[in-house]
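Just query_19.cif here, mmCIF, C-alpha atoms:
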data_target
#
loop_
_atom_site.label_atom_id
_atom_site.label_comp_id
_atom_site.auth_asym_id
_atom_site.auth_seq_id
_atom_site.Cartn_x
_atom_site.Cartn_y
_atom_site.Cartn_z
CA MET G 3 -15.41 18.28 5.18
CA GLN G 4 -14.01 15.25 6.96
CA THR G 5 -11.28 14.75 9.53
CA LEU G 6 -9.23 11.66 8.67
CA LYS G 7 -7.38 9.90 11.50
CA ARG G 8 -6.11 6.75 9.80
CA ALA G 9 -2.51 7.99 9.61
CA HIS G 10 -2.79 9.42 13.15
CA ASN G 11 -3.78 6.00 14.49
CA GLU G 12 -0.87 4.35 12.65
CA LEU G 13 1.55 6.90 14.08
CA PHE G 14 0.91 5.90 17.67
CA ARG G 15 1.03 2.13 17.19
CA ARG G 16 4.31 1.92 15.26
CA SER G 17 7.67 1.26 16.89
CA PRO G 18 10.81 3.00 15.55
CA ASP G 19 11.94 -0.10 13.63
CA GLU G 20 8.66 -0.04 11.64
CA ARG G 21 9.20 3.54 10.35
CA PHE G 22 10.81 4.43 7.01
CA ASP G 23 12.02 7.84 5.92
CA SER G 24 11.31 7.48 2.18
CA LEU G 25 9.14 5.50 -0.19
CA VAL G 26 12.29 4.05 -1.77
CA HIS G 27 13.49 2.69 1.59
CA LEU G 28 10.05 1.25 2.35
CA TRP G 29 9.94 -0.38 -1.09
CA GLN G 30 13.41 -1.87 -0.63
CA HIS G 31 12.47 -3.32 2.76
CA CYS G 32 9.33 -4.92 1.32
CA HIS G 33 11.30 -6.22 -1.67
CA ASP G 34 13.87 -7.83 0.64
CA GLU G 35 11.10 -9.39 2.75
CA LYS G 36 9.51 -10.93 -0.33
CA GLU G 37 12.84 -12.31 -1.51
CA ALA G 38 13.51 -13.86 1.91
CA SER G 39 10.07 -15.44 2.26
CA VAL G 40 9.14 -19.05 1.58
CA GLN G 41 5.70 -20.61 1.36
CA HIS G 42 5.28 -24.18 2.67
CA TRP G 43 2.24 -26.41 2.08
CA PRO G 44 2.23 -29.07 4.83
CA GLN G 45 -0.73 -31.24 5.73
CA PRO G 46 -2.06 -30.39 9.22
CA GLU G 47 -0.80 -33.71 10.58
CA ASP G 48 2.72 -32.84 9.40
CA ILE G 49 2.89 -29.73 11.59
CA LEU G 50 4.65 -30.54 14.86
CA ALA G 51 4.85 -28.17 17.81
CA LEU G 52 8.17 -28.56 19.62
CA PRO G 53 8.77 -27.34 23.19
CA LEU G 54 12.08 -25.50 23.49
CA GLN G 55 12.92 -23.91 26.84
CA LYS G 56 10.24 -21.21 27.29
CA ARG G 57 8.70 -21.22 23.81
CA LEU G 58 7.18 -23.40 21.11
CA ASP G 59 8.72 -23.87 17.68
CA LEU G 60 7.16 -25.49 14.63
CA GLN G 61 8.57 -28.31 12.58
CA LEU G 62 7.09 -28.89 9.13
CA GLY G 63 7.35 -32.42 7.84
CA GLY G 64 10.74 -33.03 9.40
CA ASP G 65 12.30 -29.77 8.19
CA ALA G 66 14.25 -27.36 10.38
CA ASN G 67 12.54 -25.79 13.39
CA LEU G 68 10.90 -22.39 12.88
CA ARG G 69 10.02 -19.81 15.52
CA MET G 70 6.48 -18.41 15.63
CA THR G 71 5.63 -14.72 15.73
CA ASP G 72 2.85 -13.51 17.99
CA TRP G 73 0.60 -13.31 14.92
CA SER G 74 1.31 -16.81 13.59
CA PHE G 75 0.93 -18.29 17.09
CA GLY G 76 -2.55 -16.75 17.30
CA GLN G 77 -3.42 -18.18 13.89
CA LEU G 78 -2.22 -21.64 14.95
CA CYS G 79 -4.44 -21.44 18.04
CA SER G 80 -7.39 -20.46 15.85
CA LEU G 81 -6.80 -23.35 13.43
CA ALA G 82 -6.56 -25.76 16.36
CA GLY G 83 -9.70 -24.32 17.97
CA VAL G 84 -7.99 -23.52 21.28
CA ASN G 85 -7.88 -20.29 23.27
CA ARG G 86 -4.49 -18.61 22.96
CA ASP G 87 -4.67 -17.14 26.47
CA THR G 88 -5.19 -20.62 27.84
CA VAL G 89 -2.27 -22.04 25.84
CA ASN G 90 -0.03 -19.19 27.01
CA ARG G 91 -0.59 -20.28 30.61
CA LEU G 92 0.63 -23.80 29.89
CA SER G 93 4.18 -25.09 29.94
CA PRO G 94 5.74 -25.50 26.47
CA ALA G 95 5.58 -29.30 26.80
CA THR G 96 1.88 -29.26 27.70
CA ALA G 97 1.10 -26.72 24.97
CA ALA G 98 2.83 -28.96 22.41
CA ARG G 99 0.59 -31.87 23.44
CA VAL G 100 -2.48 -29.62 23.10
CA PHE G 101 -1.65 -28.84 19.46
CA ASP G 102 -0.77 -32.48 18.79
CA GLU G 103 -4.29 -33.47 19.85
CA THR G 104 -6.26 -30.55 18.38
CA LEU G 105 -4.72 -30.03 14.91
CA SER G 106 -7.05 -32.33 13.04
CA PRO G 107 -5.94 -34.05 9.81
CA GLY G 108 -7.56 -32.57 6.73
CA SER G 109 -7.83 -33.13 3.00
CA LYS G 110 -6.27 -29.73 2.19
CA PRO G 111 -2.79 -28.51 3.10
CA LEU G 112 -2.14 -25.37 5.09
CA GLN G 113 -0.21 -22.33 3.92
CA VAL G 114 2.77 -21.67 6.17
CA PHE G 115 4.42 -18.39 5.18
CA ALA G 116 7.92 -18.19 6.62
CA THR G 117 11.39 -16.72 6.44
CA GLN G 118 14.49 -18.81 7.04
CA ASP G 119 13.97 -18.94 10.80
CA SER G 120 10.40 -17.87 11.64
CA VAL G 121 6.78 -18.47 10.69
CA ARG G 122 5.06 -15.24 9.64
CA SER G 123 1.55 -16.64 9.11
CA ILE G 124 -0.51 -19.81 8.83
CA HIS G 125 -3.60 -19.89 6.60
CA GLY G 126 -6.01 -22.27 4.97
CA ALA G 127 -5.75 -23.04 1.27
CA SER G 128 -8.21 -20.30 0.22
CA TYR G 129 -6.07 -17.37 1.42
CA THR G 130 -4.40 -15.46 -1.44
CA ARG G 131 -1.33 -13.37 -0.64
CA LEU G 132 -0.61 -9.95 -2.14
CA PHE G 133 2.96 -8.82 -1.51
CA ASN G 134 3.55 -5.30 -0.20
CA VAL G 135 6.29 -4.64 -2.74
CA ASP G 136 3.96 -5.36 -5.68
CA LEU G 137 1.51 -2.74 -4.41
CA LEU G 138 4.29 -0.22 -3.72
CA THR G 139 5.82 -0.74 -7.17
CA MET G 140 2.56 0.46 -8.69
CA VAL G 141 2.43 3.43 -6.28
CA ARG G 142 5.97 4.48 -7.21
CA GLU G 143 5.07 4.33 -10.91
CA PHE G 144 1.78 6.21 -10.86
CA ALA G 145 2.19 8.65 -7.93
CA THR G 146 5.58 10.08 -8.85
CA ASP G 147 5.02 13.54 -7.32
CA PHE G 148 3.71 12.26 -4.00
CA VAL G 149 5.90 12.21 -0.88
CA PRO G 150 5.39 11.55 2.85
CA PRO G 151 4.03 14.43 4.96
CA GLN G 152 6.15 16.27 7.49
CA LYS G 153 7.61 14.00 10.15
CA ALA G 154 5.42 13.74 13.23
CA GLY G 155 6.86 14.42 16.66
CA ASP G 156 10.33 15.75 17.40
CA GLY G 157 13.73 14.62 16.18
CA ASP G 158 14.64 11.49 14.28
CA GLU G 159 12.23 9.30 16.24
CA GLY G 160 9.09 10.91 14.81
CA GLY G 161 6.55 9.02 12.73
CA THR G 162 7.05 9.29 8.98
CA GLY G 163 3.72 8.13 7.53
CA LEU G 164 5.56 5.16 5.98
CA TYR G 165 5.35 1.99 8.06
CA CYS G 166 5.90 -1.72 7.74
CA GLY G 167 5.95 -4.28 10.55
CA GLU G 168 5.65 -8.03 10.75
CA GLN G 169 1.87 -7.82 10.38
CA ASP G 170 1.11 -5.06 7.87
CA MET G 171 2.20 -2.06 5.79
CA PHE G 172 0.80 1.49 5.66
CA CYS G 173 1.76 4.39 3.40
CA PHE G 174 0.64 8.06 3.68
CA LEU G 175 1.58 10.32 0.75
CA ILE G 176 0.70 13.87 -0.32
CA ASP G 177 1.58 16.07 -3.27
CA PRO G 178 3.26 19.22 -1.89
CA THR G 179 3.12 20.83 -5.35
CA GLY G 180 -0.62 20.31 -5.76
CA TRP G 181 -1.89 23.12 -3.54
CA ILE G 182 -4.65 25.34 -4.90
CA GLU G 183 -6.32 28.36 -3.37
CA ILE G 184 -10.10 28.37 -2.96
CA ASN G 185 -11.56 31.52 -1.42
CA GLY G 186 -8.34 31.94 0.50
CA GLU G 187 -8.25 28.29 1.64
CA ALA G 188 -5.71 25.74 0.37
CA PHE G 189 -6.48 22.20 -0.81
CA ALA G 190 -3.98 19.52 -1.88
CA PRO G 191 -4.28 15.85 -2.93
CA GLY G 192 -3.17 12.92 -0.80
CA PHE G 193 -3.86 9.28 -0.15
CA PHE G 194 -3.38 6.34 2.19
CA VAL G 195 -2.61 2.83 0.93
CA TRP G 196 -2.32 -0.29 3.07
CA ASN G 197 -1.87 -4.05 2.89
CA SER G 198 -0.97 -7.13 4.91
CA GLU G 199 0.94 -10.17 3.67
CA VAL G 200 -0.16 -12.23 6.68
CA GLY G 201 -3.91 -11.57 6.84
CA ARG G 202 -3.85 -8.82 9.48
CA ARG G 203 -5.89 -6.40 7.34
CA SER G 204 -7.36 -5.95 3.86
CA VAL G 205 -5.60 -4.24 0.96
CA GLY G 206 -6.97 -0.78 0.23
CA VAL G 207 -6.62 2.88 -0.64
CA GLN G 208 -8.23 6.16 0.45
CA THR G 209 -7.72 9.29 -1.65
CA PHE G 210 -8.73 12.84 -0.73
CA TRP G 211 -8.17 16.58 -1.09
CA PHE G 212 -7.22 18.17 2.22
CA GLN G 213 -6.50 21.54 3.77
CA ALA G 214 -3.97 20.66 6.47
CA VAL G 215 -2.01 17.84 8.10
CA CYS G 216 -1.11 18.48 11.73
CA GLN G 217 2.02 17.30 13.52
CA ASN G 218 0.15 14.21 14.73
CA HIS G 219 -0.77 13.30 11.14
CA ILE G 220 -4.47 14.11 11.47
CA VAL G 221 -5.77 15.15 8.05
CA TRP G 222 -8.08 18.14 8.44
CA ASP G 223 -10.94 19.32 6.22
CA ALA G 224 -10.75 16.58 3.60
CA VAL G 225 -13.13 16.62 0.62
CA GLU G 226 -13.78 14.20 -2.24
CA VAL G 227 -12.81 11.27 -0.04
CA VAL G 228 -12.83 7.98 -2.00
CA GLU G 229 -12.09 4.60 -0.40
CA PHE G 230 -11.61 1.09 -1.80
CA SER G 231 -10.61 -2.14 -0.05
CA ARG G 232 -10.57 -5.84 -0.79
CA LYS G 233 -10.04 -8.99 1.26
CA HIS G 234 -7.27 -11.47 0.43
CA THR G 235 -9.39 -13.93 -1.51
CA ALA G 236 -8.89 -15.50 -4.94
CA ASN G 237 -9.08 -12.25 -6.95
CA VAL G 238 -7.12 -10.03 -4.58
CA HIS G 239 -4.42 -9.28 -7.18
CA GLU G 240 -7.08 -7.42 -9.19
CA ALA G 241 -7.01 -4.89 -6.34
CA ILE G 242 -3.74 -3.47 -7.68
CA ALA G 243 -5.44 -2.45 -10.94
CA ALA G 244 -8.40 -0.99 -9.04
CA ILE G 245 -6.13 0.99 -6.69
CA ARG G 246 -4.02 2.15 -9.63
CA SER G 247 -7.18 3.45 -11.34
CA ILE G 248 -8.20 5.38 -8.20
CA ILE G 249 -4.72 6.91 -7.81
CA GLU G 250 -4.60 7.75 -11.54
CA ARG G 251 -7.96 9.48 -11.20
CA LEU G 252 -6.62 11.55 -8.31
CA VAL G 253 -3.51 12.49 -10.33
CA THR G 254 -5.61 13.33 -13.39
CA ARG G 255 -7.93 15.51 -11.38
CA ARG G 256 -4.95 17.22 -9.80
CA ASP G 257 -3.53 18.03 -13.23
CA GLU G 258 -6.87 19.15 -14.66
CA ARG G 259 -7.94 21.07 -11.63
CA ARG G 260 -4.97 23.20 -10.73
CA ASP G 261 -7.13 25.93 -12.19
CA GLY G 262 -10.46 24.24 -12.88
CA PHE G 263 -10.93 22.69 -9.43
CA ALA G 264 -10.63 26.05 -7.73
CA ASN G 265 -13.21 27.56 -10.06
CA VAL G 266 -15.66 24.69 -9.53
CA ILE G 267 -15.37 24.78 -5.74
CA LYS G 268 -15.70 28.56 -5.74
CA ARG G 269 -18.90 28.32 -7.81
CA ALA G 270 -20.13 25.47 -5.59
CA MET G 271 -19.67 27.72 -2.55
CA GLU G 272 -21.69 30.47 -4.23
CA THR G 273 -24.43 28.47 -6.02
CA ARG G 274 -27.58 27.42 -4.21
CA LEU G 275 -29.15 24.05 -5.00
CA GLY G 276 -32.62 25.57 -4.75
CA ASP G 277 -34.69 28.36 -3.29
CA ASP G 278 -35.91 26.26 -0.38
CA ALA G 279 -35.54 22.83 1.21
CA ASP G 280 -38.19 21.19 -1.01
CA ASP G 281 -36.36 22.31 -4.14
CA VAL G 282 -33.07 20.97 -2.79
CA LEU G 283 -34.65 17.62 -1.90
CA LYS G 284 -35.94 17.28 -5.46
CA VAL G 285 -32.47 17.97 -6.88
CA LEU G 286 -30.86 15.44 -4.55
CA ALA G 287 -33.45 12.81 -5.43
CA GLN G 288 -32.62 13.32 -9.11
CA GLN G 289 -28.98 12.64 -8.25
CA GLY G 290 -29.86 9.29 -6.66
CA ILE G 291 -29.52 10.41 -3.04
CA THR G 292 -32.04 8.85 -0.65
CA ARG G 293 -34.56 11.09 1.06
CA THR G 294 -33.28 10.17 4.53
CA LEU G 295 -29.70 11.03 3.65
CA ALA G 296 -30.83 14.21 1.88
CA LYS G 297 -32.80 15.42 4.93
CA ASP G 298 -29.86 14.73 7.26
CA ALA G 299 -27.52 16.57 4.91
CA LEU G 300 -29.85 19.57 4.68
CA ALA G 301 -30.00 19.81 8.47
CA ILE G 302 -26.19 19.99 8.62
CA ALA G 303 -25.93 22.42 5.68
CA ARG G 304 -28.53 24.75 7.23
CA GLY G 305 -26.41 24.86 10.35
CA HIS G 306 -23.69 26.51 8.29
CA GLY G 307 -26.09 29.14 7.00
CA ALA G 308 -26.63 28.19 3.34
CA LEU G 309 -27.93 25.50 1.01
CA THR G 310 -25.14 25.91 -1.49
CA ILE G 311 -23.83 22.99 -3.53
CA PHE G 312 -20.62 22.92 -1.50
CA ALA G 313 -22.43 23.01 1.85
CA VAL G 314 -24.62 20.06 0.86
CA VAL G 315 -21.68 18.06 -0.59
CA ASP G 316 -19.71 18.71 2.59
CA ALA G 317 -22.67 17.58 4.72
CA ILE G 318 -23.10 14.34 2.74
CA THR G 319 -19.41 13.44 3.02
CA ARG G 320 -19.53 14.10 6.75
CA ILE G 321 -22.43 11.66 7.08
CA SER G 322 -20.82 9.01 4.87
CA GLY G 323 -17.71 9.09 7.05
CA GLN G 324 -19.84 7.63 9.86
CA TYR G 325 -20.85 4.56 7.83
CA ALA G 326 -19.17 1.32 8.89
CA ASN G 327 -19.44 -0.33 5.47
CA ALA G 328 -16.69 0.76 3.05
CA GLY G 329 -18.78 -0.02 -0.01
CA GLN G 330 -21.63 2.16 1.25
CA ARG G 331 -19.18 4.99 1.99
CA SER G 332 -17.69 4.79 -1.49
CA GLU G 333 -21.12 4.85 -3.14
CA VAL G 334 -22.32 7.87 -1.18
CA ASP G 335 -19.00 9.72 -1.63
CA ALA G 336 -19.22 9.21 -5.40
CA LYS G 337 -22.74 10.67 -5.46
CA ALA G 338 -21.61 13.61 -3.35
CA SER G 339 -18.69 14.31 -5.68
CA ALA G 340 -21.04 14.14 -8.68
CA LEU G 341 -23.02 17.04 -7.20
CA LEU G 342 -20.03 19.30 -7.86
CA ASP G 343 -20.73 18.86 -11.56
CA LEU G 344 -23.83 21.04 -10.99
CA ALA G 345 -21.44 23.93 -10.35
CA VAL G 346 -19.80 23.57 -13.77
CA VAL G 347 -21.02 26.27 -16.12
#
Go ahead and render the structure in this file as structure tokens.
Amino acid sequence: MQTLKRAHNELFRRSPDERFDSLVHLWQHCHDEKEASVQHWPQPEDILALPLQKRLDLQLGGDANLRMTDWSFGQLCSLAGVNRDTVNRLSPATAARVFDETLSPGSKPLQVFATQDSVRSIHGASYTRLFNVDLLTMVREFATDFVPPQKAGDGDEGGTGLYCGEQDMFCFLIDPTGWIEINGEAFAPGFFVWNSEVGRRSVGVQTFWFQAVCQNHIVWDAVEVVEFSRKHTANVHEAIAAIRSIIERLVTRRDERRDGFANVIKRAMETRLGDDADDVLKVLAQQGITRTLAKDALAIARGHGALTIFAVVDAITRISGQYANAGQRSEVDAKASALLDLAVV
């Protein structure tokens, strides 16, 4: 079983104005942000940095001045090839001259994503934006029984699991009606979904079955953990269909397994994969699991006293949680989940 800390980490980096008490309110906020946003396509030489008192504004081809966020300022520094810490030490007038000399003319325009009075992000032409509200619209349609977990912390200021700031969005949902009992232990389905409209992070989803969520939004004893993510490149909008399919699979399994899942896990906890380690290694090899991974999993499973199907699956998912590459984690998690089919009579 895995301990998932993604929502826990979000909890402690979000300010009160980034927290939302319901999926509807989060959706409405993201909808309003999309409606208020404008995308400009200036040539680099048409971007003018203007010193105003203690800050820099941007002017795009003679249009009105726009303030920069911390994120868009960092992106401008990156596009100009200058160190943001160095620019921050300069006076606004000197900093404006730096950008005037370092923003090289180019054959392709830049994407300047803005509201009426501020620049949210600046990207090259290859960046493809996926709006938060489009992702959340799909979530509201296909995860109708899922709600945020209990509020973290005390009082009205606690984290909600639903967040959106100027750089990214994060959503933590569980199904409080999906609990099932397995040998006296409870499992329920849940998932995280995330996105950024300004290039701060990828778009992605992580689904799981869990036993508990603590007050600090740490997800304890998660099984069948599946993760998918995609960068904001040309085909990023296809991610919505992929995430929808993953959420639909979680919902389908929830519906099918209110009784069946408990029986399978119970049998997996009771059924040995083989009489000894060599037998288990042969079975795992037949399931496409590498010998190195299989040996590491057996060492963990032995530590819990049995080479049952569940013990080995749990060991493999623990190991996969340590992989840095999301694609590798997803592949190994899928193979681990497939082992549960051996418990089906």
- Explicit residue set for the PyMOL selection byres ((chain G and resi 77-90) around 7), as a PyMOL selection string: chain G and resi 73-76+91-92+97+101+104-105+124
_Exercise: G:Thr319 partners within 12 Å, only C-alpha atoms, chain neighbours under 2 positions left out, as number ranges by chain_ = G: 3-6, 210, 223-229, 295-296, 298-299, 302-303, 312-317, 321-325, 330-341
Exercise for the section: May I have the residues within 12 Å of G:Ser120 as a ChimeraX atom specification, using all atoms listed in the file and disregarding those fewer than 6 positions away in the same chain? Expected result: /G:38-41,58-62,66-75,114,168
Can you write out the residues you just picked, keeping C-alpha atoms, as an mmCIF file, keeping the file's coordinate frame?
data_model
loop_
_atom_site.group_PDB
_atom_site.id
_atom_site.type_symbol
_atom_site.label_atom_id
_atom_site.label_comp_id
_atom_site.auth_asym_id
_atom_site.auth_seq_id
_atom_site.Cartn_x
_atom_site.Cartn_y
_atom_site.Cartn_z
ATOM 1 C CA ALA G 38 13.510 -13.860 1.910
ATOM 2 C CA SER G 39 10.070 -15.440 2.260
ATOM 3 C CA VAL G 40 9.140 -19.050 1.580
ATOM 4 C CA GLN G 41 5.700 -20.610 1.360
ATOM 5 C CA LEU G 58 7.180 -23.400 21.110
ATOM 6 C CA ASP G 59 8.720 -23.870 17.680
ATOM 7 C CA LEU G 60 7.160 -25.490 14.630
ATOM 8 C CA GLN G 61 8.570 -28.310 12.580
ATOM 9 C CA LEU G 62 7.090 -28.890 9.130
ATOM 10 C CA ALA G 66 14.250 -27.360 10.380
ATOM 11 C CA ASN G 67 12.540 -25.790 13.390
ATOM 12 C CA LEU G 68 10.900 -22.390 12.880
ATOM 13 C CA ARG G 69 10.020 -19.810 15.520
ATOM 14 C CA MET G 70 6.480 -18.410 15.630
ATOM 15 C CA THR G 71 5.630 -14.720 15.730
ATOM 16 C CA ASP G 72 2.850 -13.510 17.990
ATOM 17 C CA TRP G 73 0.600 -13.310 14.920
ATOM 18 C CA SER G 74 1.310 -16.810 13.590
ATOM 19 C CA PHE G 75 0.930 -18.290 17.090
ATOM 20 C CA VAL G 114 2.770 -21.670 6.170
ATOM 21 C CA GLU G 168 5.650 -8.030 10.750
#
Restricting to only C-alpha atoms, whichever of G:Asn11, G:Ser128, G:Ser247, G:Gln45 is closest to G:Asn218 is G:Asn11
Atom CA of G:Asn327 to atom CA of G:Ile242 measures 20.7 Å
Do you know which residues the PyMOL selection byres ((chain G and resi 141) around 10) returns on this file, as a JSON list (two decimals) with C-alpha atoms, in the coordinates of the input?
[["chain", "number", "residue", "atom", "x", "y", "z"],
["G", 25, "LEU", "CA", 9.14, 5.50, -0.19],
["G", 29, "TRP", "CA", 9.94, -0.38, -1.09],
["G", 135, "VAL", "CA", 6.29, -4.64, -2.74],
["G", 136, "ASP", "CA", 3.96, -5.36, -5.68],
["G", 137, "LEU", "CA", 1.51, -2.74, -4.41],
["G", 138, "LEU", "CA", 4.29, -0.22, -3.72],
["G", 139, "THR", "CA", 5.82, -0.74, -7.17],
["G", 140, "MET", "CA", 2.56, 0.46, -8.69],
["G", 142, "ARG", "CA", 5.97, 4.48, -7.21],
["G", 143, "GLU", "CA", 5.07, 4.33, -10.91],
["G", 144, "PHE", "CA", 1.78, 6.21, -10.86],
["G", 145, "ALA", "CA", 2.19, 8.65, -7.93],
["G", 146, "THR", "CA", 5.58, 10.08, -8.85],
["G", 148, "PHE", "CA", 3.71, 12.26, -4.00],
["G", 173, "CYS", "CA", 1.76, 4.39, 3.40],
["G", 175, "LEU", "CA", 1.58, 10.32, 0.75],
["G", 195, "VAL", "CA", -2.61, 2.83, 0.93],
["G", 242, "ILE", "CA", -3.74, -3.47, -7.68],
["G", 245, "ILE", "CA", -6.13, 0.99, -6.69],
["G", 246, "ARG", "CA", -4.02, 2.15, -9.63],
["G", 249, "ILE", "CA", -4.72, 6.91, -7.81],
["G", 250, "GLU", "CA", -4.60, 7.75, -11.54]]
In Å to one decimal, how far is atom CA of G:Gly201 from atom CA of G:Ser123?
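These two atoms are separated by 7.8 Å.
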- Message: For G:Arg99, find every residue with an atom within 8 Å (counting only C-alpha atoms), except residues of its own chain fewer than 4 positions away, and show them as a PyMOL selection string.
- Response: chain G and resi 51+95+103
key: Atomic distance atom CA of G:Gly108 - atom CA of G:Asp65, expressed in Å with one decimal   =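 Between atom CA of G:Gly108 and atom CA of G:Asp65 the gap is 20.1 Å.
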Out of G:Gln288, G:Gly155, G:Ile311, G:Gly329, which residue has the shortest atom-to-atom distance to G:Gly206 when counting all atoms listed in the file?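 Distance minimum relative to G:Gly206 lands on G:Gly329.
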The PyMOL selection byres ((chain G and resi 112) around 9) resolved against shown file, as a PDB file with C-alpha atoms, in the coordinates of the input:
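Dumped to out-v4.pdb:
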ATOM      1  CA  HIS G  42       5.280 -24.180   2.670  1.00  0.00           C
ATOM      2  CA  TRP G  43       2.240 -26.410   2.080  1.00  0.00           C
ATOM      3  CA  PRO G  44       2.230 -29.070   4.830  1.00  0.00           C
ATOM      4  CA  GLN G  45      -0.730 -31.240   5.730  1.00  0.00           C
ATOM      5  CA  PRO G  46      -2.060 -30.390   9.220  1.00  0.00           C
ATOM      6  CA  LYS G 110      -6.270 -29.730   2.190  1.00  0.00           C
ATOM      7  CA  PRO G 111      -2.790 -28.510   3.100  1.00  0.00           C
ATOM      8  CA  GLN G 113      -0.210 -22.330   3.920  1.00  0.00           C
ATOM      9  CA  VAL G 114       2.770 -21.670   6.170  1.00  0.00           C
ATOM     10  CA  ILE G 124      -0.510 -19.810   8.830  1.00  0.00           C
ATOM     11  CA  HIS G 125      -3.600 -19.890   6.600  1.00  0.00           C
ATOM     12  CA  GLY G 126      -6.010 -22.270   4.970  1.00  0.00           C
ATOM     13  CA  ALA G 127      -5.750 -23.040   1.270  1.00  0.00           C
TER      14      ALA G 127
END
